[in-house]
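I have placed the structure first, in the form of structure tokens, so that the comments after it can refer back to it.
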Amino acid sequence: MTRATWNGKTLAESDRCVRIEGNAYFPADAIKPEFFRPSETHTTCGWKGVASYYDVVVDGKTNHDAAWYYPTPKPEANNITGYVAFWKGVTIEE
């Protein structure tokens with residue numbers, strides 16, 4: 001089971017994560033939506049496409065753009081459509 005935590009709370013947990021470039025991508029149904037707020041940030045990956053971001057909010061503290069996902073990835077990355085990955089201090093445990 002893979003788990004993402006930040007500020008003492010579990011943000012996501014799943015045994016169906018996909019690993020790409022060292023990052024664990026969690027299926028959308030594995031994240032706890034109460035901790036996620038849409039961000040206006042977008043970045044582009046040459047082979048995955050345009051990423052969208054979430055701010056992670058736990059107990060009044062905000063970790064800006066700490067989670068990202070590809071709503072409509074390029075064909076090479078279709079297996080992570082809607083999956084969510086983390087960085088910026090979010091701990092991933094396996």
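Numbering starts fresh at 1 for the residues of each chain in the structure tokens, the chains themselves are lettered A, B, ... in the order given, and ligands are numbered from 1 as they appear.
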Exercise for the section: Find the spatial neighbours of Asn7 (chain A), counting only C-alpha atoms, within a cut-off of 9 Å - ignore same-chain residues fewer than 5 positions away - and output them as a ChimeraX atom specification. Expected result: /A:58-59,61,90
Exercise for the section: Compile the contact shell of His64 (chain A) as a PyMOL selection string: residues with an atom at most 9 Å away, counting only C-alpha atoms, same-chain residues fewer than 4 positions apart removed. Expected result: chain A and resi 39+53-57+88
Exercise for the section: Go through A:Cys17, A:Ile31, A:Ala77, A:Ala4 and flag the residue nearest Gly89 (chain A), using only C-alpha atoms for the distances. Expected result: A:Ala4
Identify, on the basis of only C-alpha atoms, every residue whose closest approach to Tyr69 (chain A) does not exceed 6 Å; exclude the query and any residue fewer than 2 positions from it along the same chain; express the result as an mmCIF file with N, CA, C and O atoms, in the first residue's frame.
```cif
data_model
loop_
_atom_site.group_PDB
_atom_site.id
_atom_site.type_symbol
_atom_site.label_atom_id
_atom_site.label_comp_id
_atom_site.auth_asym_id
_atom_site.auth_seq_id
_atom_site.Cartn_x
_atom_site.Cartn_y
_atom_site.Cartn_z
ATOM 1 N N ALA A 51 -0.011 19.639 -17.340
ATOM 2 C CA ALA A 51 -0.375 19.254 -15.980
ATOM 3 C C ALA A 51 -1.170 20.366 -15.314
ATOM 4 O O ALA A 51 -0.904 21.554 -15.522
ATOM 5 N N SER A 52 -2.137 19.979 -14.503
ATOM 6 C CA SER A 52 -2.880 20.892 -13.637
ATOM 7 C C SER A 52 -2.473 20.598 -12.194
ATOM 8 O O SER A 52 -2.005 19.498 -11.896
ATOM 9 N N GLY A 82 -5.965 11.422 -15.001
ATOM 10 C CA GLY A 82 -6.653 11.666 -13.738
ATOM 11 C C GLY A 82 -5.898 11.231 -12.497
ATOM 12 O O GLY A 82 -6.339 11.493 -11.380
ATOM 13 N N TYR A 83 -4.761 10.564 -12.644
ATOM 14 C CA TYR A 83 -3.967 10.164 -11.479
ATOM 15 C C TYR A 83 -3.267 11.379 -10.888
ATOM 16 O O TYR A 83 -2.948 12.331 -11.603
ATOM 17 N N VAL A 84 -3.011 11.359 -9.579
ATOM 18 C CA VAL A 84 -2.452 12.503 -8.864
ATOM 19 C C VAL A 84 -1.093 12.141 -8.265
ATOM 20 O O VAL A 84 -0.949 11.078 -7.640
#
```
Handout entry: Between CA of Phe26 (chain A) and CA of Gly60 (chain A), distance in Å (one decimal)
Key =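 According to the coordinates, CA of Phe26 (chain A) and CA of Gly60 (chain A) are separated by 23.6 Å.
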Problem - Contact residues around Tyr25 (chain A) with only C-alpha atoms at 12 Å, ignoring same-chain residues under 4 positions, as a ChimeraX atom specification - result: /A:2-4,12-21,29-31,67-70,77,79-87,92
Exercise for the section: Write down as a ChimeraX atom specification the residues belonging to chain A that are assigned strand (DSSP E or B) by DSSP computed on the backbone. Expected result: /A:2-6,9-14,18-20,23-26,31,36-45,49-58,61-70,81,84-86,91-93
Problem - Proximity to Pro73 (chain A) - best of A:Lys32, A:Gly46, A:Trp6, A:Pro38, only C-alpha atoms - result: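 That would be A:Gly46, the residue with the smallest distance to Pro73 (chain A).
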Exercise for the section: Among the residues of region 10-86 of chain A, find those DSSP assigns to helix (DSSP H, G or I) from the backbone and print them as a list in words. Expected result: Ala28, Asp29, Ala30, Pro33, Glu34, Phe35, Pro75, Glu76, Ala77, Asn78, Asn79 and Ile80 of chain A
Exercise for the section: Measure the distance from CA of Asp65 (chain A) to CA of Thr41 (chain A) in Å and round it to one decimal. Expected result: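 Between CA of Asp65 (chain A) and CA of Thr41 (chain A) the gap is 7.2 Å.
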Exercise for the section: Pick out the residues sitting within 9 Å of Pro75 (chain A), and hand them over as an MDAnalysis selection string; count only C-alpha atoms, and ignore anything fewer than 3 positions along from it in its own chain. Expected result: chainID A and resid 47:48 72 78:79
Save out the residues we just selected, C-alpha atoms, as a PDB file, in the first residue's frame.
```pdb
ATOM      1  CA  TRP A  47       5.828  13.615 -23.394  1.00  0.00           C
ATOM      2  CA  LYS A  48       2.952  13.692 -20.854  1.00  0.00           C
ATOM      3  CA  THR A  72      -5.883  14.862 -20.774  1.00  0.00           C
ATOM      4  CA  ASN A  78      -2.833   7.675 -21.061  1.00  0.00           C
ATOM      5  CA  ASN A  79      -2.282   5.288 -18.140  1.00  0.00           C
TER       6      ASN A  79
END
```
